[in-house]
Amino acid sequence: MINSVKDNIYKNNLFTKKNKILLAVSGGADSIFLLFVLKDLGYDIQIAHCNFNLRDVESDQDEQFVKDIADKYSIKCYVKSFDTLRFAEENKLSIQMAARQLRYDWFEELLVENNFSCIATGHHKDDSIETFLINLIRGSGISGLCGIQMINNKIVRPLLSLKRNQIEEFLTKKNIKYRNDSSNSDIKYLRNNIRHQLIPLLKEINPKIQETISNEIEILNGINNIFKVKVDEIRKSIIIKREDLFIIKISDLLNIRNLEVILYELLRPFGSFQVKKIINSLRLQSGKQFFSNTHCILIDRECVIISLKKETNNKEIKIFRADHEISTPLYMKFSETTDLSIVNIPFFAKFDLNKLIFPLILRKWKKGDKFIPLGMNNFKKVSDFFVDEKYSLNDKKEQWILCSEEDIIWIVGKRIDDRYKIASNTKKTYIAQLLKKK
């Protein structure tokens, strides 16, 4: 058993004797076994234990058990207590997902602050099989059917070749104590339901179902490696990054074979989307939007535009004559001069100061807005100006307007209003300059 873990570490280059390793220890059989093995093999380890306060006195007993082991072996131990229920409620997460996020966020902090090489966890083969079935039930794409990975960034899992019963038999034989989490038998949690009900049922059909699934996971990992190479090639060839936007030409998407499968993988870094509905909208009228928890997809005339989801900003910013600079929502500078020369630069606007009424107002454009574009004599709807300038829907959403009272004086970064331009009788000019964010 110890040699099997030793081989896993060596063959997969998980870590060496020179590395400092943070070991996640819950007190259960798998993490206690990994602690025993790594200590026996002479690795430099420290312990991290999370108290999620979900099982009353039992959670505190687990914490004390881990502290006692750390003291016994003179291993440094980090312990953190979490209000998991409140965090789950505030962030609209399941208890298990909340605990997972709290755990790994804290581990990441410890890793950075204490210069650990990696975080080692006690996940084993049964965990990987259960994860496969969970993802199969929920739907996850091919990557979710590859089980738990032995290396995931800085997280390593040396026990993935071992079964739960092998670990427990070893600990019993060596008379090594561990804690049993009573919640592991509660089938209201999906993982426990799979462990205690689905897998026994599958064993009635195929007594070697766990070995079968393990073999399938291994095959799927190989297929996924080939698939990822192909998806990466497509990603590099069709996704254009422009500042904080990702743009894909619709014509490029429609030329892809097995588009639903490929698009699912292309969009995975941006969250979970209804890929079929996105595909169905590609040939329809533009303007359709789709949302994940973090990103927005906009179907424009010729492109799919992916952006971070932003809260609607309807706030009006007052700009007083004494203001020389603002940094939010745009980075802008303001000044006054007697220089009456015309500067034809989109991000640089000069106005007849005497015509302005302060404070100026910076706001997002609204339906019904109109102005007289520089060089014209009549009013034009801002929406029509956008059409002439070939604005995308995302461009329209992001456009800011500078106003003097109710009058628009500048479509910021684009065009000033003709009524406020420098004239022959202008004495002093007011300059507004749009700059890149600091």
# chains A, B, ... in the order shown; residues from 1 in each chain; ligands from 1
$ select_by_dssp --residues "range 171-365 of chain A" --states "strand (DSSP E)" --output "PyMOL selection string"
chain A and resi 239-242+245-249+289-291+295-299+303-308+317-319+325-326+331-337+348-352+360-364
$ write_last_selection --atoms "C-alpha atoms" --output "compact mmCIF listing (two decimals), in the first residue's frame"
# COMPACT_ATOMS: atom_id res chain seq x y z
CA ILE A 239 -11.73 33.64 -30.71
CA ILE A 240 -10.46 37.22 -30.88
CA LYS A 241 -9.67 38.99 -27.60
CA ARG A 242 -10.27 42.72 -27.69
CA LEU A 245 -14.24 41.21 -24.76
CA PHE A 246 -14.03 37.86 -26.55
CA ILE A 247 -15.39 37.91 -30.10
CA ILE A 248 -16.26 35.01 -32.43
CA LYS A 249 -17.48 35.46 -35.99
CA GLN A 289 -28.45 37.61 -24.94
CA PHE A 290 -27.50 34.65 -22.75
CA PHE A 291 -26.11 34.73 -19.24
CA HIS A 295 -20.51 36.30 -18.24
CA CYS A 296 -22.90 37.57 -20.87
CA ILE A 297 -23.10 36.33 -24.47
CA LEU A 298 -24.53 38.75 -27.03
CA ILE A 299 -25.52 37.61 -30.53
CA CYS A 303 -20.39 38.11 -34.19
CA VAL A 304 -20.88 36.43 -30.85
CA ILE A 305 -19.57 38.79 -28.16
CA ILE A 306 -18.63 37.42 -24.73
CA SER A 307 -18.16 39.87 -21.87
CA LEU A 308 -18.04 39.90 -18.09
CA ILE A 317 -21.85 61.69 -12.38
CA LYS A 318 -21.69 65.44 -11.74
CA ILE A 319 -18.62 67.22 -13.06
CA GLU A 325 -10.03 64.73 -13.26
CA ILE A 326 -12.36 61.78 -12.60
CA TYR A 331 -10.87 58.16 -16.62
CA MET A 332 -11.23 61.75 -17.84
CA LYS A 333 -9.31 65.01 -17.47
CA PHE A 334 -10.70 68.54 -17.77
CA SER A 335 -9.03 71.91 -18.36
CA GLU A 336 -9.64 75.43 -19.66
CA THR A 337 -7.60 77.34 -22.23
CA PHE A 348 -10.36 64.93 -27.15
CA ALA A 349 -13.27 67.41 -27.09
CA LYS A 350 -13.12 71.25 -27.02
CA PHE A 351 -16.22 73.33 -26.22
CA ASP A 352 -17.09 77.01 -26.00
CA LEU A 360 -21.91 68.87 -16.37
CA ILE A 361 -23.58 65.46 -16.21
CA LEU A 362 -21.94 62.20 -17.32
CA ARG A 363 -24.45 59.40 -17.86
CA LYS A 364 -25.33 56.42 -20.02
$ residues_around --residues "Ile234 in chain A" --least-positions-apart "3" --cutoff "9 Å" --atoms "only C-alpha atoms" --output "list of chain:residue names"
A:Val229, A:Lys230, A:Val231, A:Ser237, A:Ile238, A:Ile239, A:Ile256, A:Ile262, A:Leu266
$ select_by_dssp --residues "range 108-190 of chain A" --states "alpha helix (DSSP H)" --output "number ranges by chain"
A: 108-114, 125-138, 164-173, 190
$ write_last_selection --atoms "C-alpha atoms" --output "short mmCIF file (atom, residue, chain, number, x, y, z; two decimals), in the first residue's frame"
data_model
loop_
_atom_site.label_atom_id
_atom_site.label_comp_id
_atom_site.auth_asym_id
_atom_site.auth_seq_id
_atom_site.Cartn_x
_atom_site.Cartn_y
_atom_site.Cartn_z
CA GLU A 108 -4.97 28.83 -1.48
CA GLU A 109 -4.29 31.55 1.09
CA LEU A 110 -2.14 29.19 3.16
CA LEU A 111 -0.28 28.03 0.07
CA VAL A 112 0.68 31.58 -0.93
CA GLU A 113 1.39 32.90 2.57
CA ASN A 114 3.58 29.96 3.61
CA LYS A 125 -10.58 5.77 -6.47
CA ASP A 126 -14.10 5.53 -4.97
CA ASP A 127 -14.29 9.35 -4.84
CA SER A 128 -13.36 9.52 -8.52
CA ILE A 129 -16.04 6.97 -9.46
CA GLU A 130 -18.67 8.86 -7.46
CA THR A 131 -17.64 12.12 -9.14
CA PHE A 132 -18.01 10.44 -12.55
CA LEU A 133 -21.57 9.38 -11.69
CA ILE A 134 -22.48 12.79 -10.22
CA ASN A 135 -21.32 14.53 -13.39
CA LEU A 136 -23.06 11.96 -15.58
CA ILE A 137 -26.34 12.63 -13.74
CA ARG A 138 -25.98 16.42 -13.80
CA ARG A 164 -11.72 3.08 0.18
CA ASN A 165 -11.86 -0.44 1.64
CA GLN A 166 -8.10 -0.94 1.04
CA ILE A 167 -7.37 2.23 3.02
CA GLU A 168 -9.67 1.28 5.90
CA GLU A 169 -8.29 -2.28 6.06
CA PHE A 170 -4.73 -0.91 6.24
CA LEU A 171 -5.61 1.46 9.10
CA THR A 172 -7.41 -1.31 11.01
CA LYS A 173 -4.46 -3.69 10.59
CA LEU A 190 -26.19 13.33 -3.76
#
$ closest_residue --among "A:Leu41, A:Ile69, A:Ile9, A:Cys403" --to "Glu316 in chain A" --atoms "only C-alpha atoms"
A:Cys403
$ closest_residue --among "A:Ser182, A:Thr121, A:Gln101, A:Ser424" --to "Ile47 in chain A" --atoms "only C-alpha atoms"
A:Thr121
$ residues_around --residues "Ser4 in chain A" --least-positions-apart "6" --cutoff "12 Å" --atoms "only C-alpha atoms" --output "number ranges by chain"
A: 10-11, 34, 37, 41, 158-163, 166-167
$ write_last_selection --atoms "C-alpha atoms" --output "PDB file, in the first residue's frame"
ATOM      1  CA  TYR A  10       7.150   9.363  -8.355  1.00  0.00           C
ATOM      2  CA  LYS A  11       5.513   8.376 -11.668  1.00  0.00           C
ATOM      3  CA  LEU A  34      -2.224   9.873   3.620  1.00  0.00           C
ATOM      4  CA  VAL A  37       2.116   7.416   4.539  1.00  0.00           C
ATOM      5  CA  LEU A  41       8.087   8.268   3.539  1.00  0.00           C
ATOM      6  CA  PRO A 158      -1.650  10.616  -4.403  1.00  0.00           C
ATOM      7  CA  LEU A 159      -4.321   8.048  -3.411  1.00  0.00           C
ATOM      8  CA  LEU A 160      -6.371   7.838  -6.612  1.00  0.00           C
ATOM      9  CA  SER A 161      -5.175   4.309  -7.388  1.00  0.00           C
ATOM     10  CA  LEU A 162      -6.464   2.983  -4.030  1.00  0.00           C
ATOM     11  CA  LYS A 163      -9.982   1.964  -2.979  1.00  0.00           C
ATOM     12  CA  GLN A 166      -8.104  -0.935   1.045  1.00  0.00           C
ATOM     13  CA  ILE A 167      -7.375   2.229   3.023  1.00  0.00           C
TER      14      ILE A 167
END
$ closest_residue --among "A:Met1, A:Ser74, A:Thr294, A:Ser117" --to "Lys17 in chain A" --atoms "only C-alpha atoms"
A:Ser117
$ residues_around --residues "Leu254 in chain A" --least-positions-apart "6" --cutoff "10 Å" --atoms "only C-alpha atoms" --output "list in words"
Ile279, Leu282 and Arg283 of chain A
$ closest_residue --among "A:Ile148, A:Ala423, A:Leu22, A:Ile199" --to "Leu35 in chain A" --atoms "only C-alpha atoms"
A:Leu22
$ atom_distance --atom1 "CA of Asn377 in chain A" --atom2 "CA of Lys355 in chain A"
17.5 Å
$ residues_around --residues "Thr84 in chain A" --least-positions-apart "4" --cutoff "10 Å" --atoms "only C-alpha atoms" --output "list in words"
Asn51, Phe52, Asn53, Leu54, Ala88, Glu89, Glu90, Ser94, Ile95, Gln96, Met97, Ala98, Ala99, Arg100, Gln101 and Leu102 of chain A
$ atom_distance --atom1 "CA of Ser392 in chain A" --atom2 "CA of Asp300 in chain A"
6.4 Å
$ decode --residues "range 328-437 of chain A" --atoms "C-alpha atoms" --output "compact mmCIF listing (two decimals), in the first residue's frame"
# COMPACT_ATOMS: atom_id res chain seq x y z
CA THR A 328 -14.70 56.42 -12.46
CA PRO A 329 -16.74 55.34 -14.39
CA LEU A 330 -14.33 56.71 -17.01
CA TYR A 331 -10.87 58.16 -16.62
CA MET A 332 -11.23 61.75 -17.84
CA LYS A 333 -9.31 65.01 -17.47
CA PHE A 334 -10.70 68.54 -17.77
CA SER A 335 -9.03 71.91 -18.36
CA GLU A 336 -9.64 75.43 -19.66
CA THR A 337 -7.60 77.34 -22.23
CA THR A 338 -7.67 80.37 -24.49
CA ASP A 339 -6.29 78.24 -27.33
CA LEU A 340 -9.04 78.22 -29.99
CA SER A 341 -7.38 75.75 -32.37
CA ILE A 342 -9.46 72.80 -33.54
CA VAL A 343 -8.21 69.34 -32.59
CA ASN A 344 -9.71 66.49 -34.60
CA ILE A 345 -9.12 63.63 -32.16
CA PRO A 346 -12.11 61.44 -31.09
CA PHE A 347 -11.05 61.19 -27.43
CA PHE A 348 -10.36 64.93 -27.15
CA ALA A 349 -13.27 67.41 -27.09
CA LYS A 350 -13.12 71.25 -27.02
CA PHE A 351 -16.22 73.33 -26.22
CA ASP A 352 -17.09 77.01 -26.00
CA LEU A 353 -16.84 77.45 -22.24
CA ASN A 354 -19.34 80.31 -22.16
CA LYS A 355 -22.09 78.04 -23.51
CA LEU A 356 -21.70 75.39 -20.76
CA ILE A 357 -23.75 75.27 -17.56
CA PHE A 358 -22.08 73.45 -14.65
CA PRO A 359 -22.12 70.93 -13.21
CA LEU A 360 -21.91 68.87 -16.37
CA ILE A 361 -23.58 65.46 -16.21
CA LEU A 362 -21.94 62.20 -17.32
CA ARG A 363 -24.45 59.40 -17.86
CA LYS A 364 -25.33 56.42 -20.02
CA TRP A 365 -27.35 57.16 -23.16
CA LYS A 366 -31.11 56.73 -23.00
CA LYS A 367 -33.78 55.89 -25.54
CA GLY A 368 -35.04 59.11 -27.11
CA ASP A 369 -31.75 60.99 -26.66
CA LYS A 370 -30.94 63.34 -29.52
CA PHE A 371 -28.24 65.86 -30.40
CA ILE A 372 -26.92 67.87 -33.36
CA PRO A 373 -23.75 66.08 -34.53
CA LEU A 374 -20.84 68.39 -35.32
CA GLY A 375 -21.16 69.67 -38.91
CA MET A 376 -24.92 69.14 -39.11
CA ASN A 377 -27.84 71.56 -38.73
CA ASN A 378 -30.60 69.26 -37.51
CA PHE A 379 -31.18 66.98 -34.55
CA LYS A 380 -30.36 63.31 -34.90
CA LYS A 381 -31.44 60.52 -32.59
CA VAL A 382 -28.50 59.03 -30.74
CA SER A 383 -29.80 55.57 -31.67
CA ASP A 384 -29.63 56.54 -35.38
CA PHE A 385 -26.10 57.86 -34.85
CA PHE A 386 -25.18 54.45 -33.43
CA VAL A 387 -26.56 52.74 -36.53
CA ASP A 388 -24.55 55.04 -38.83
CA GLU A 389 -21.40 54.37 -36.78
CA LYS A 390 -22.07 50.59 -36.93
CA TYR A 391 -22.22 50.21 -33.15
CA SER A 392 -22.62 46.69 -31.82
CA LEU A 393 -25.22 46.14 -29.13
CA ASN A 394 -22.41 45.90 -26.60
CA ASP A 395 -20.98 49.24 -27.83
CA LYS A 396 -24.38 50.87 -27.30
CA LYS A 397 -24.63 49.42 -23.80
CA GLU A 398 -21.21 50.82 -22.86
CA GLN A 399 -21.59 54.32 -24.39
CA TRP A 400 -21.43 57.35 -22.07
CA ILE A 401 -22.90 60.81 -22.77
CA LEU A 402 -21.70 64.18 -21.48
CA CYS A 403 -24.45 66.76 -20.94
CA SER A 404 -24.89 70.42 -20.08
CA GLU A 405 -28.24 70.51 -18.30
CA GLU A 406 -30.55 68.61 -20.70
CA ASP A 407 -28.38 69.09 -23.79
CA ILE A 408 -26.01 66.39 -24.98
CA ILE A 409 -22.67 68.04 -25.70
CA TRP A 410 -20.56 64.94 -26.40
CA ILE A 411 -21.07 61.32 -27.33
CA VAL A 412 -17.97 60.58 -25.31
CA GLY A 413 -15.08 59.53 -27.49
CA LYS A 414 -17.08 59.99 -30.70
CA ARG A 415 -18.79 63.28 -31.62
CA ILE A 416 -19.52 66.64 -29.99
CA ASP A 417 -22.72 68.62 -30.45
CA ASP A 418 -22.53 71.36 -33.10
CA ARG A 419 -24.19 73.91 -30.78
CA TYR A 420 -21.26 73.79 -28.36
CA LYS A 421 -18.37 73.94 -30.82
CA ILE A 422 -15.75 76.69 -30.83
CA ALA A 423 -17.02 79.69 -32.81
CA SER A 424 -15.56 83.00 -34.01
CA ASN A 425 -16.78 84.76 -30.86
CA THR A 426 -15.43 82.12 -28.45
CA LYS A 427 -13.26 83.64 -25.73
CA LYS A 428 -12.27 80.53 -23.77
CA THR A 429 -12.52 76.82 -24.35
CA TYR A 430 -13.26 73.90 -22.07
CA ILE A 431 -11.40 70.66 -22.80
CA ALA A 432 -12.64 67.16 -21.90
CA GLN A 433 -10.22 64.34 -22.57
CA LEU A 434 -10.99 60.62 -22.37
CA LEU A 435 -7.99 58.58 -21.28
CA LYS A 436 -7.32 54.90 -20.70
CA LYS A 437 -7.86 53.58 -17.21
